[in-house]
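Data first, discussion second: the structure below is written as structure tokens.
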Amino acid sequence: MKETIAKDLLKIKAVFLRPDEPFTWASGIKSPIYCDNRLTLSDPDVRNDVENSFAKLIKEKYPEAEALMGTSTAGIAHAAISAHLLGLPMGYVRSSNKDHGRQNRIEGRLEKGEKVVVVEDLISTGGSVIDVVEALREAGAEVLGVVSIFTYGMKKGLDRLAAANVENTSLCDLDALLKVAAESGYIRPEDEERILAFRNDPSDESWIKA
């Protein structure tokens, strides 16, 4: 599964690897990788791989799941399609409460004690998805876990998820993606170490000069 999704993400350029021309994140950190998983929705074949993989993963890992909850906004479509494949209810969680109407943060029907799985597109530092999980827990849901398309595997994110007692399973991760990228000639073999050095400590920019 990881290899298939890695090939898909590289094929549609949902993931860019540019160790020689780093991207600059909003935080100011220089990064050799940029990820836009929204592009998976625009390619029918890739979308099919992603949603079927989500459905298979959820069915195998969380057979007791009673509903899927997407993160706003990137996880909504994936939660909807996966829920359709599984025949489950679906909803989503806003980043904050609406400022009008019923001022909902959680959209869709959610019963207290309901067993839910959160669907996310990307896990980096883990902050946003933890916020979603906490909102669902406060509303009385039992969050079984999180499924996501891709994760960098950053230590900060792993530590934060563990501290919040949140389990994430990704269809693909940086290690699998780099292996496929190196084998296909997308990056040079020596670039693998540079990109992993960034992942292991984003604040240390020595990989740029490598």
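Going through the structure tokens in order, the chains are called A, B, and so on, while each chain numbers its residues from 1 and the ligands are numbered from 1 in the order shown.
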
- Who sits within 9 Å of Gly91 of chain A, only C-alpha atoms, same chain under 2 positions skipped, as a count of residues only: 14

- Query: Near segment 39-54 of chain A, within 8 Å and counting only C-alpha atoms, which residues show up once chain neighbours fewer than 6 positions away are dropped, as a VMD selection string?
  - Reply: chain A and resid 1 4 to 5 8 to 9 12 to 14 78 81 to 82 85 147 149 171

Output file for the selection above: N, CA and C atoms, as an mmCIF file, in the first residue's frame:
data_model
loop_
_atom_site.group_PDB
_atom_site.id
_atom_site.type_symbol
_atom_site.label_atom_id
_atom_site.label_comp_id
_atom_site.auth_asym_id
_atom_site.auth_seq_id
_atom_site.Cartn_x
_atom_site.Cartn_y
_atom_site.Cartn_z
ATOM 1 N N MET A 1 0.825 -1.214 0.000
ATOM 2 C CA MET A 1 0.000 0.000 0.000
ATOM 3 C C MET A 1 0.858 1.263 0.000
ATOM 4 N N THR A 4 2.468 1.922 -3.386
ATOM 5 C CA THR A 4 1.471 2.373 -4.376
ATOM 6 C C THR A 4 1.121 3.834 -4.172
ATOM 7 N N ILE A 5 0.838 4.215 -2.930
ATOM 8 C CA ILE A 5 0.474 5.602 -2.645
ATOM 9 C C ILE A 5 1.661 6.530 -2.891
ATOM 10 N N ASP A 8 1.843 7.142 -6.503
ATOM 11 C CA ASP A 8 0.730 8.020 -6.880
ATOM 12 C C ASP A 8 1.035 9.476 -6.554
ATOM 13 N N LEU A 9 1.521 9.731 -5.332
ATOM 14 C CA LEU A 9 1.777 11.103 -4.902
ATOM 15 C C LEU A 9 2.861 11.764 -5.746
ATOM 16 N N ILE A 12 1.458 12.515 -9.549
ATOM 17 C CA ILE A 12 0.596 13.690 -9.743
ATOM 18 C C ILE A 12 1.199 14.955 -9.138
ATOM 19 N N LYS A 13 2.435 14.839 -8.647
ATOM 20 C CA LYS A 13 3.153 15.972 -8.052
ATOM 21 C C LYS A 13 2.413 16.553 -6.843
ATOM 22 N N ALA A 14 1.805 15.652 -6.081
ATOM 23 C CA ALA A 14 1.210 16.068 -4.808
ATOM 24 C C ALA A 14 2.326 16.293 -3.795
ATOM 25 N N HIS A 78 -12.311 13.064 1.586
ATOM 26 C CA HIS A 78 -11.820 11.696 1.795
ATOM 27 C C HIS A 78 -12.701 10.944 2.796
ATOM 28 N N ILE A 81 -16.036 10.031 0.875
ATOM 29 C CA ILE A 81 -15.923 8.928 -0.085
ATOM 30 C C ILE A 81 -15.673 7.605 0.638
ATOM 31 N N SER A 82 -14.785 7.634 1.623
ATOM 32 C CA SER A 82 -14.490 6.405 2.368
ATOM 33 C C SER A 82 -15.716 5.909 3.129
ATOM 34 N N LEU A 85 -17.986 4.144 0.740
ATOM 35 C CA LEU A 85 -17.518 2.798 0.421
ATOM 36 C C LEU A 85 -17.800 1.818 1.555
ATOM 37 N N VAL A 147 -6.738 8.186 10.620
ATOM 38 C CA VAL A 147 -6.108 7.677 9.401
ATOM 39 C C VAL A 147 -5.788 8.878 8.521
ATOM 40 N N ILE A 149 -3.442 10.317 4.782
ATOM 41 C CA ILE A 149 -2.800 9.918 3.529
ATOM 42 C C ILE A 149 -1.288 9.837 3.696
ATOM 43 N N LEU A 171 -1.403 6.084 5.121
ATOM 44 C CA LEU A 171 -1.289 5.224 3.939
ATOM 45 C C LEU A 171 0.136 5.210 3.411
#

- Message: So that I can check the secondary structure, give me every residue of segment 56-178 of chain A assigned alpha helix (DSSP H) by backbone DSSP, as a VMD selection string.
- Response: chain A and resid 56 to 61 76 to 86 127 to 138 155 to 163 174 to 178

- Message: I'd like the contact shell of Pro202 of chain A - 9 Å cut-off, only C-alpha atoms, skipping same-chain residues fewer than 4 positions apart - returned as an MDAnalysis selection string.
- Response: chainID A and resid 29:31 154 197:198

Restricted to N, CA and C atoms, what would the selected residues look like written as a short mmCIF file (atom, residue, chain, number, x, y, z; two decimals), in the first residue's frame?
data_model
loop_
_atom_site.label_atom_id
_atom_site.label_comp_id
_atom_site.auth_asym_id
_atom_site.auth_seq_id
_atom_site.Cartn_x
_atom_site.Cartn_y
_atom_site.Cartn_z
N ILE A 29 10.63 28.12 8.44
CA ILE A 29 11.52 26.96 8.32
C ILE A 29 11.72 26.60 6.86
N LYS A 30 12.96 26.33 6.50
CA LYS A 30 13.28 25.86 5.15
C LYS A 30 13.02 24.36 5.08
N SER A 31 12.37 23.94 4.02
CA SER A 31 11.98 22.53 3.89
C SER A 31 12.31 22.00 2.50
N MET A 154 7.65 13.36 11.83
CA MET A 154 8.47 14.26 12.65
C MET A 154 8.33 13.88 14.13
N ALA A 197 17.39 14.07 7.39
CA ALA A 197 18.00 14.94 8.39
C ALA A 197 17.07 16.11 8.70
N PHE A 198 16.43 16.65 7.67
CA PHE A 198 15.44 17.71 7.89
C PHE A 198 14.30 17.19 8.73
#

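Excluding segment 130-134 of chain A and any residue on its chain fewer than 6 positions from it, the residues at most 10 Å away by only C-alpha atoms are Met69, Gly70, Thr71, Ser72, Tyr92, Val93, Arg94, Ser95, Ser96, Arg105, Ile106, Val116, Val117, Val118, Glu120, Gly140, Ala141, Glu142, Val143, Leu144, Gly145, Val146, Gly157, Arg160, Leu161, Ala163, Ala164, Asn165 and Val166 of chain A.
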
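Near Tyr34 of chain A, within a cut-off of 10 Å and counting only C-alpha atoms, sit the residues A:Lys13, A:Ala14, A:Val15, A:Phe16, A:Leu17, A:Arg18, A:Pro22, A:Phe23, A:Thr24, A:Trp25, A:Ser31, A:Asn37, with same-chain residues fewer than 3 positions away left out.
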
Output all heavy atoms of each residue in that selection to a file, as a JSON list (two decimals), in the first residue's frame.
[["chain", "number", "residue", "atom", "x", "y", "z"],
["A", 13, "LYS", "N", 2.43, 14.84, -8.65],
["A", 13, "LYS", "CA", 3.15, 15.97, -8.05],
["A", 13, "LYS", "C", 2.41, 16.55, -6.84],
["A", 13, "LYS", "O", 2.40, 17.76, -6.63],
["A", 13, "LYS", "CB", 3.41, 17.06, -9.10],
["A", 13, "LYS", "CG", 4.31, 16.57, -10.24],
["A", 13, "LYS", "CD", 4.57, 17.66, -11.26],
["A", 13, "LYS", "CE", 5.49, 17.14, -12.36],
["A", 13, "LYS", "NZ", 5.74, 18.17, -13.40],
["A", 14, "ALA", "N", 1.81, 15.65, -6.08],
["A", 14, "ALA", "CA", 1.21, 16.07, -4.81],
["A", 14, "ALA", "C", 2.33, 16.29, -3.80],
["A", 14, "ALA", "O", 2.17, 17.04, -2.84],
["A", 14, "ALA", "CB", 0.24, 15.01, -4.30],
["A", 15, "VAL", "N", 3.47, 15.62, -4.02],
["A", 15, "VAL", "CA", 4.64, 15.82, -3.18],
["A", 15, "VAL", "C", 5.80, 16.26, -4.06],
["A", 15, "VAL", "O", 6.10, 15.63, -5.07],
["A", 15, "VAL", "CB", 5.02, 14.52, -2.44],
["A", 15, "VAL", "CG1", 6.33, 14.73, -1.67],
["A", 15, "VAL", "CG2", 3.92, 14.11, -1.48],
["A", 16, "PHE", "N", 6.42, 17.38, -3.69],
["A", 16, "PHE", "CA", 7.62, 17.86, -4.35],
["A", 16, "PHE", "C", 8.81, 17.65, -3.41],
["A", 16, "PHE", "O", 8.73, 17.94, -2.22],
["A", 16, "PHE", "CB", 7.51, 19.36, -4.66],
["A", 16, "PHE", "CG", 6.69, 19.66, -5.88],
["A", 16, "PHE", "CD1", 5.35, 19.97, -5.78],
["A", 16, "PHE", "CD2", 7.28, 19.66, -7.14],
["A", 16, "PHE", "CE1", 4.59, 20.26, -6.91],
["A", 16, "PHE", "CE2", 6.53, 19.95, -8.27],
["A", 16, "PHE", "CZ", 5.19, 20.26, -8.16],
["A", 17, "LEU", "N", 9.91, 17.14, -3.95],
["A", 17, "LEU", "CA", 11.15, 16.98, -3.19],
["A", 17, "LEU", "C", 12.21, 17.85, -3.85],
["A", 17, "LEU", "O", 12.63, 17.60, -4.97],
["A", 17, "LEU", "CB", 11.58, 15.51, -3.18],
["A", 17, "LEU", "CG", 10.60, 14.52, -2.53],
["A", 17, "LEU", "CD1", 11.02, 13.09, -2.80],
["A", 17, "LEU", "CD2", 10.49, 14.78, -1.04],
["A", 18, "ARG", "N", 12.64, 18.91, -3.14],
["A", 18, "ARG", "CA", 13.60, 19.86, -3.70],
["A", 18, "ARG", "C", 14.68, 20.21, -2.68],
["A", 18, "ARG", "O", 14.71, 21.32, -2.15],
["A", 18, "ARG", "CB", 12.90, 21.14, -4.14],
["A", 18, "ARG", "CG", 12.17, 21.04, -5.46],
["A", 18, "ARG", "CD", 11.74, 22.36, -6.03],
["A", 18, "ARG", "NE", 11.75, 23.50, -5.14],
["A", 18, "ARG", "CZ", 10.99, 24.58, -5.31],
["A", 18, "ARG", "NH1", 10.15, 24.63, -6.32],
["A", 18, "ARG", "NH2", 11.06, 25.61, -4.48],
["A", 22, "PRO", "N", 15.06, 24.65, -1.50],
["A", 22, "PRO", "CA", 14.09, 24.44, -0.42],
["A", 22, "PRO", "C", 12.88, 25.38, -0.50],
["A", 22, "PRO", "O", 12.98, 26.50, -0.99],
["A", 22, "PRO", "CB", 14.91, 24.73, 0.84],
["A", 22, "PRO", "CG", 16.33, 24.62, 0.44],
["A", 22, "PRO", "CD", 16.38, 25.04, -0.99],
["A", 23, "PHE", "N", 11.78, 24.85, -0.02],
["A", 23, "PHE", "CA", 10.57, 25.66, 0.16],
["A", 23, "PHE", "C", 10.69, 26.37, 1.51],
["A", 23, "PHE", "O", 11.43, 25.93, 2.39],
["A", 23, "PHE", "CB", 9.33, 24.77, 0.17],
["A", 23, "PHE", "CG", 9.11, 23.99, -1.09],
["A", 23, "PHE", "CD1", 9.60, 22.69, -1.20],
["A", 23, "PHE", "CD2", 8.44, 24.54, -2.16],
["A", 23, "PHE", "CE1", 9.41, 21.95, -2.36],
["A", 23, "PHE", "CE2", 8.24, 23.81, -3.33],
["A", 23, "PHE", "CZ", 8.73, 22.52, -3.43],
["A", 24, "THR", "N", 9.95, 27.45, 1.69],
["A", 24, "THR", "CA", 9.91, 28.14, 2.98],
["A", 24, "THR", "C", 8.50, 28.03, 3.52],
["A", 24, "THR", "O", 7.53, 28.47, 2.90],
["A", 24, "THR", "CB", 10.29, 29.62, 2.84],
["A", 24, "THR", "OG1", 11.61, 29.72, 2.29],
["A", 24, "THR", "CG2", 10.28, 30.30, 4.21],
["A", 25, "TRP", "N", 8.37, 27.39, 4.68],
["A", 25, "TRP", "CA", 7.07, 27.26, 5.32],
["A", 25, "TRP", "C", 6.66, 28.59, 5.95],
["A", 25, "TRP", "O", 7.48, 29.50, 6.13],
["A", 25, "TRP", "CB", 7.12, 26.18, 6.40],
["A", 25, "TRP", "CG", 7.21, 24.79, 5.85],
["A", 25, "TRP", "CD1", 7.18, 24.42, 4.55],
["A", 25, "TRP", "CD2", 7.33, 23.58, 6.61],
["A", 25, "TRP", "NE1", 7.28, 23.06, 4.44],
["A", 25, "TRP", "CE2", 7.37, 22.53, 5.68],
["A", 25, "TRP", "CE3", 7.41, 23.30, 7.97],
["A", 25, "TRP", "CZ2", 7.48, 21.19, 6.06],
["A", 25, "TRP", "CZ3", 7.52, 21.97, 8.36],
["A", 25, "TRP", "CH2", 7.55, 20.93, 7.42],
["A", 31, "SER", "N", 12.37, 23.94, 4.02],
["A", 31, "SER", "CA", 11.98, 22.53, 3.89],
["A", 31, "SER", "C", 12.31, 22.00, 2.50],
["A", 31, "SER", "O", 12.06, 22.68, 1.50],
["A", 31, "SER", "CB", 10.48, 22.37, 4.15],
["A", 31, "SER", "OG", 10.05, 21.07, 3.78],
["A", 37, "ASN", "N", -1.86, 17.22, -0.74],
["A", 37, "ASN", "CA", -2.66, 16.02, -1.00],
["A", 37, "ASN", "C", -4.04, 16.31, -1.57],
["A", 37, "ASN", "O", -4.76, 15.38, -1.94],
["A", 37, "ASN", "CB", -2.80, 15.21, 0.29],
["A", 37, "ASN", "CG", -1.51, 14.50, 0.67],
["A", 37, "ASN", "OD1", -0.72, 14.13, -0.20],
["A", 37, "ASN", "ND2", -1.28, 14.33, 1.95]]

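Computed from the coordinates, the atom CA of Glu138 of chain A to atom CA of Glu111 of chain A distance equals 11.9 Å.
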
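Rounded to one decimal, atom CA of Ile123 of chain A and atom CA of Asn104 of chain A lie 24.5 Å from each other.
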
- For Tyr62 of chain A, which residue among A:Leu177, A:Leu122, A:Cys172, A:Leu86 is the nearest when counting only C-alpha atoms? A:Leu86
